[in-house]
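Asker: Below is the file entry-v1.txt, which contains compact mmCIF, C-alpha atoms.
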```
# COMPACT_ATOMS: atom_id res chain seq x y z
CA MET A 215 24.06 34.95 135.09
CA THR A 216 23.28 38.41 133.78
CA PRO A 217 22.18 40.73 136.63
CA ASP A 218 18.95 42.66 136.29
CA SER A 219 19.07 46.40 135.84
CA ALA A 220 19.29 48.40 139.05
CA ILE A 221 16.30 50.32 140.37
CA SER A 222 16.76 52.94 143.07
CA THR A 223 14.86 52.21 146.27
CA GLY A 224 15.65 55.09 148.61
CA SER A 225 19.37 54.90 149.30
CA ALA A 226 19.41 51.16 148.81
CA VAL A 227 20.15 49.50 145.49
CA ARG A 228 17.48 47.10 144.32
CA THR A 229 16.97 45.03 141.18
CA ALA A 230 13.88 43.68 139.53
CA VAL A 231 12.88 40.29 140.93
CA SER A 232 10.86 37.62 139.17
CA PRO A 233 7.41 37.26 140.77
CA GLY A 234 7.96 33.49 140.67
CA ALA A 235 11.07 33.59 142.87
CA ASP A 236 9.41 31.90 145.88
CA THR A 237 7.97 29.22 143.61
CA ASP A 238 11.39 28.58 142.09
CA ALA A 239 12.95 28.14 145.53
CA ALA A 240 10.17 25.80 146.59
CA GLU A 241 10.66 23.71 143.45
CA HIS A 242 14.33 23.36 144.38
CA GLY A 243 13.24 22.07 147.80
CA LEU A 244 14.97 24.99 149.55
CA PRO A 245 13.34 26.39 152.71
CA VAL A 246 15.30 29.66 152.41
CA ARG A 247 13.84 32.56 150.40
CA LEU A 248 16.33 35.31 151.35
CA ALA A 249 20.07 35.28 151.95
CA VAL A 250 21.61 38.32 153.67
CA LEU A 251 25.34 38.26 152.95
CA ALA A 252 27.97 40.46 154.58
CA MET A 253 30.50 42.14 152.32
CA VAL A 254 34.10 42.76 153.49
CA GLY A 255 35.46 39.51 154.88
CA THR A 256 32.58 37.40 153.54
CA THR A 257 32.01 38.14 149.86
CA VAL A 258 34.77 40.74 149.41
CA TYR A 259 38.48 40.89 150.27
CA ASP A 260 39.82 44.38 150.93
CA GLY A 261 43.50 43.49 151.26
CA GLY A 262 43.75 45.48 154.49
CA LEU A 263 42.35 48.58 152.78
CA MET A 264 39.83 49.38 155.51
CA ASP A 265 42.54 49.00 158.16
CA ARG A 266 44.75 51.47 156.28
CA ALA A 267 41.82 53.88 155.96
CA MET A 268 41.25 53.68 159.72
CA SER A 269 44.95 54.31 160.44
CA ARG A 270 44.96 57.37 158.18
CA THR A 271 41.78 58.67 159.75
CA LEU A 272 43.03 58.36 163.33
CA ALA A 273 46.25 60.19 162.40
CA GLU A 274 44.25 62.94 160.67
CA GLN A 275 42.17 63.30 163.83
CA GLY A 276 45.33 64.09 165.80
CA VAL A 277 45.97 60.67 167.31
CA ALA A 278 49.75 60.16 167.17
CA ALA A 279 50.58 57.18 164.97
CA GLY A 280 52.31 54.43 166.97
CA SER A 281 51.20 55.80 170.32
CA ALA A 282 49.47 53.59 172.86
CA ARG A 283 46.23 55.47 172.25
CA PHE A 284 46.54 55.03 168.47
CA GLU A 285 47.22 51.30 168.71
CA GLY A 286 44.45 50.85 171.26
CA MET A 287 41.91 52.64 169.05
CA LEU A 288 43.00 50.70 165.98
CA HIS A 289 42.69 47.42 167.86
CA TYR A 290 39.25 48.42 169.11
CA ALA A 291 38.08 49.22 165.58
CA ARG A 292 39.32 45.83 164.38
CA GLU A 293 37.53 44.07 167.24
CA ARG A 294 34.32 45.87 166.26
CA SER A 295 34.38 44.35 162.78
CA GLY A 296 30.93 44.37 161.21
CA ILE A 297 29.68 47.24 163.36
CA SER A 298 28.68 50.54 161.75
CA ARG A 299 31.80 52.69 161.45
CA MET A 300 29.83 55.71 162.65
CA THR A 301 28.96 53.77 165.79
CA VAL A 302 32.62 52.81 166.26
CA PHE A 303 33.82 56.41 165.90
CA GLY A 304 31.15 57.48 168.38
CA GLU A 305 32.66 55.02 170.84
CA LEU A 306 36.24 56.09 170.12
CA PHE A 307 35.67 59.84 170.43
CA ASP A 308 33.76 61.50 173.26
CA ASP A 309 32.92 64.55 171.14
CA PRO A 310 30.06 63.85 168.65
CA GLN A 311 31.51 66.42 166.23
CA ALA A 312 34.90 64.71 166.32
CA ALA A 313 33.21 61.35 165.70
CA ALA A 314 31.25 62.74 162.73
CA SER A 315 34.40 64.35 161.33
CA ALA A 316 36.33 61.09 161.71
CA ASN A 317 33.59 59.14 159.96
CA LYS A 318 33.60 61.58 157.03
CA ARG A 319 37.39 61.42 156.75
CA PHE A 320 37.25 57.62 156.94
CA GLU A 321 34.82 57.46 154.02
CA LEU A 322 37.01 59.81 151.97
CA ASN A 323 40.07 57.69 152.75
CA CYS A 324 38.17 54.55 151.77
CA ASP A 325 37.13 56.15 148.48
CA GLU A 326 40.72 57.05 147.65
CA LEU A 327 42.07 53.61 148.51
CA ILE A 328 39.27 51.78 146.69
CA ALA A 329 39.92 53.90 143.60
CA ASP A 330 43.57 52.77 143.75
CA GLY A 331 42.46 49.12 143.61
CA GLY A 332 42.88 46.28 146.04
CA VAL A 333 39.25 45.29 146.53
CA ARG A 334 38.42 41.91 145.04
CA ALA A 335 35.75 39.26 145.30
CA VAL A 336 36.20 36.29 147.59
CA PRO A 337 36.67 33.29 145.27
CA GLY A 338 33.30 31.73 144.58
CA ALA A 339 31.28 34.70 145.85
CA GLU A 340 29.83 35.67 142.47
CA ASP A 341 29.04 32.06 141.64
CA THR A 342 27.28 31.68 145.00
CA ILE A 343 25.16 34.78 144.43
CA GLY A 344 24.31 33.53 140.95
CA TRP A 345 23.39 30.09 142.31
CA LEU A 346 21.14 31.65 144.95
CA ARG A 347 19.27 33.85 142.51
CA ASP A 348 18.94 31.03 139.96
CA ALA A 349 17.42 28.94 142.75
CA GLY A 350 14.84 31.67 143.40
CA ILE A 351 16.49 32.93 146.59
CA LYS A 352 16.69 36.69 146.91
CA VAL A 353 20.05 38.15 147.90
CA CYS A 354 20.88 41.21 149.99
CA LEU A 355 24.46 42.46 150.38
CA ALA A 356 24.82 44.18 153.77
CA THR A 357 27.67 46.25 155.18
CA GLY A 358 28.66 48.26 158.23
CA PHE A 359 30.14 50.98 156.02
CA GLY A 360 28.32 54.00 154.63
CA ARG A 361 26.26 54.00 151.44
CA HIS A 362 28.85 55.82 149.36
CA THR A 363 31.64 53.45 150.43
CA GLN A 364 29.42 50.46 149.77
CA ASN A 365 28.62 51.73 146.28
CA MET A 366 32.31 52.35 145.60
CA VAL A 367 33.06 48.72 146.48
CA LEU A 368 30.18 47.44 144.35
CA GLU A 369 31.19 49.60 141.40
CA SER A 370 34.85 48.62 141.64
CA LEU A 371 33.86 44.94 141.42
CA GLY A 372 31.24 45.46 138.72
CA TRP A 373 28.63 44.26 141.19
CA MET A 374 26.00 46.98 140.85
CA GLY A 375 22.80 45.01 140.27
CA LEU A 376 24.39 41.65 141.06
CA ALA A 377 22.17 41.20 144.13
CA ASP A 378 18.51 42.03 144.64
CA LEU A 379 19.29 44.61 147.31
CA SER A 380 22.22 46.26 149.07
CA LEU A 381 21.91 47.82 152.51
CA CYS A 382 24.03 49.89 154.87
CA PRO A 383 23.15 50.99 158.43
CA ALA A 384 21.68 54.31 157.28
CA ASP A 385 19.13 52.43 155.16
CA ALA A 386 17.80 50.50 158.14
CA GLY A 387 18.18 52.83 161.13
CA ARG A 388 20.80 50.85 163.02
CA GLY A 389 23.67 48.65 161.95
CA ARG A 390 24.86 45.35 163.34
CA PRO A 391 24.58 43.76 165.88
CA PHE A 392 20.99 45.03 165.74
CA PRO A 393 18.59 43.09 163.49
CA ASP A 394 17.49 46.16 161.52
CA MET A 395 19.27 45.48 158.22
CA VAL A 396 18.04 41.88 158.08
CA LEU A 397 14.47 42.94 158.87
CA THR A 398 14.65 45.81 156.37
CA ALA A 399 15.65 43.29 153.69
CA VAL A 400 12.72 41.07 154.69
CA LEU A 401 10.30 43.96 154.23
CA ALA A 402 11.88 45.40 151.08
CA LEU A 403 11.96 42.04 149.31
CA ASP A 404 8.49 40.90 150.42
CA ILE A 405 9.60 37.87 152.42
CA ASP A 406 6.64 36.58 154.38
CA ASP A 407 8.47 34.82 157.23
CA VAL A 408 11.83 35.45 158.93
CA ARG A 409 12.15 31.68 159.24
CA LYS A 410 12.89 31.71 155.50
CA VAL A 411 16.00 33.88 155.97
CA ALA A 412 19.65 32.89 156.09
CA VAL A 413 22.38 35.29 157.22
CA VAL A 414 26.06 34.76 156.40
CA GLY A 415 28.93 36.81 157.79
CA ASP A 416 32.49 36.73 159.09
CA SER A 417 31.98 38.50 162.42
CA ALA A 418 30.17 38.00 165.71
CA ALA A 419 28.11 41.09 164.88
CA ASP A 420 26.82 39.41 161.71
CA ILE A 421 25.77 36.34 163.69
CA HIS A 422 24.09 38.40 166.39
CA SER A 423 22.11 40.44 163.85
CA GLY A 424 20.84 37.29 162.15
CA LEU A 425 19.83 35.57 165.37
CA ARG A 426 18.16 38.70 166.74
CA ALA A 427 16.13 38.99 163.53
CA GLY A 428 14.90 35.42 164.00
CA ALA A 429 16.77 33.85 161.10
CA PRO A 430 17.14 30.07 161.57
CA VAL A 431 20.44 30.13 159.69
CA ALA A 432 23.18 32.47 160.95
CA ALA A 433 26.31 31.03 159.39
CA GLY A 434 29.86 32.22 159.92
CA VAL A 435 32.66 32.07 157.35
CA LEU A 436 36.38 31.89 158.02
CA THR A 437 37.53 34.26 155.26
CA GLY A 438 37.41 37.27 157.58
CA SER A 439 39.23 38.05 160.82
CA SER A 440 37.12 35.90 163.16
CA SER A 441 38.07 32.42 164.35
CA GLU A 442 35.74 29.45 164.33
CA ALA A 443 35.64 29.60 168.13
CA SER A 444 34.55 33.25 168.21
CA LEU A 445 31.84 32.63 165.60
CA ARG A 446 30.51 29.62 167.48
CA ASN A 447 30.63 31.55 170.76
CA ALA A 448 28.49 34.21 169.06
CA GLY A 449 25.90 31.50 168.36
CA ALA A 450 26.64 30.65 164.72
CA THR A 451 24.37 27.86 163.53
CA ASP A 452 27.09 26.76 161.09
CA VAL A 453 30.70 27.71 160.36
CA LEU A 454 31.92 27.39 156.76
CA PRO A 455 35.38 27.74 155.24
CA SER A 456 34.03 30.23 152.69
CA ILE A 457 30.91 31.69 151.08
CA LYS A 458 31.41 29.21 148.22
CA ASP A 459 30.35 26.47 150.66
CA PHE A 460 27.01 28.13 151.39
CA PRO A 461 24.97 26.48 148.58
CA ALA A 462 26.03 23.03 149.82
CA LEU A 463 24.88 24.00 153.33
CA LEU A 464 21.44 24.97 152.01
CA GLU A 465 21.18 21.74 150.04
CA ARG A 466 22.07 19.71 153.13
CA ARG A 467 19.44 21.56 155.13
CA ALA A 468 16.85 21.06 152.36
CA SER A 469 17.48 17.30 152.43
CA ARG A 470 16.29 17.24 156.05
CA TYR A 471 12.83 18.49 155.09
```
Would it be possible to restate this file's structure as structure tokens?

Answerer:
Amino acid sequence: MTPDSAISTGSAVRTAVSPGADTDAAEHGLPVRLAVLAMVGTTVYDGGLMDRAMSRTLAEQGVAAGSARFEGMLHYARERSGISRMTVFGELFDDPQAAASANKRFELNCDELIADGGVRAVPGAEDTIGWLRDAGIKVCLATGFGRHTQNMVLESLGWMGLADLSLCPADAGRGRPFPDMVLTAVLALDIDDVRKVAVVGDSAADIHSGLRAGAPVAAGVLTGSSSEASLRNAGATDVLPSIKDFPALLERRASRY
């Protein structure tokens, strides 16, 4: 599938969408009109890049590498997978200026590491996005990282314009586990009912954001750091081995209608 040309919509990246998209989805018998897909851990592998960026950032902020505080903060950041990094730094540092400085350094470290390579698509992710759009389902790629970092990842993969929309916390007001990014996608892509939305992610925060937005499908995938048990405990409606299994899930659900 050849992606449409990108059109700037504020700080989000949007592509032209066929006005018959809802009709196409209906003809396929699919009740879903919008899929909100997480990035790192769900559609993208970072090879530990984000973890290395966090380690660098903590050291640059004066936290002694290998110390109990350093390891505790690193563990906390890992546990808060899917949450806005600015939110995480605000929780790690009492001083708002220190948190803002850490977030800026983190983004710079991410940029440097992404430029060196290491980011790659989860096998089947591009095919899944293509299948969704060919079926008339709009696609939003959502992340807990900043806009610049998100764009760096998209550019490194050649994914600019692959989806209908890409969102980061700053685009919506709040990041996960709040429902803001899902609801922003609903509004931006003219979806008339949140019951036509499916959310897919690899973290509890992804599941919570989907459920809080009212999406009937909040599916977890096992390509990230979360276990099946943790995803189900978060309320996942389904747990899949990978994003490549998502089309089959939608087809199974469509057969029930």

Asker: Name all residues at most 10 Å from Val254 (chain A) (count all atoms listed in the file; drop same-chain ones fewer than 4 positions away) and give them as a ChimeraX atom specification.

Answerer: /A:258-261,264,295-296,333-336,356-359,364,367,415-416,437-438

Asker: Using CA of Asp420 (chain A) and CA of Gly387 (chain A) as the two end points, give the distance in Å to one decimal.

Answerer: 16.0 Å

Asker: Could you tell me how far CA of Val250 (chain A) lies from CA of Phe392 (chain A), in Å and to one decimal?

Answerer: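 Value for the CA of Val250 (chain A)-CA of Phe392 (chain A) distance: 13.8 Å.
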
Asker: Restricting the calculation to all atoms listed in the file, which member of A:Pro430, A:Gly389, A:Gly262, A:Gly372 is positioned closest to Leu464 (chain A)?

Answerer: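 When distances to Leu464 (chain A) are compared using all atoms listed in the file, the smallest one comes from A:Pro430.
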
Asker: With distances taken over all atoms listed in the file, which of A:Ala450, A:Leu463, A:Ala427, A:Leu379 is nearest to Asp407 (chain A)?

Answerer: A:Ala427

Asker: Restricting the calculation to all atoms listed in the file: of A:Ala252, A:Met395, A:Glu326, A:Pro461, which residue gets closest to Asp348 (chain A)?

Answerer: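 Answer, going by the shortest atom-to-atom distance: A:Pro461.
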
Asker: Find, counting all atoms listed in the file, the residue in A:Arg319, A:Val411, A:Ser417, A:Asp385 that gets nearest to Ser439 (chain A).

Answerer: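 Residue with the minimum atom-to-atom distance to Ser439 (chain A): A:Ser417.
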
Asker: Which residue is closest to Thr342 (chain A)? Choose from A:Ala279, A:Ala433, A:Leu376, A:Ala384 and count only C-alpha atoms.

Answerer: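 When distances to Thr342 (chain A) are compared using only C-alpha atoms, the smallest one comes from A:Leu376.
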
Asker: Restricting the calculation to only C-alpha atoms, which member of A:Ala329, A:Cys354, A:Ala386, A:Leu454 is positioned closest to Arg247 (chain A)?

Answerer: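 Among A:Ala329, A:Cys354, A:Ala386, A:Leu454, it is A:Cys354 that comes nearest to Arg247 (chain A).
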
Asker: For the atom pair CA of Met300 (chain A) and CA of Pro391 (chain A), what is the interatomic distance in Å to one decimal place?

Answerer: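 Spanning CA of Met300 (chain A) to CA of Pro391 (chain A) is a straight-line distance of 13.4 Å.
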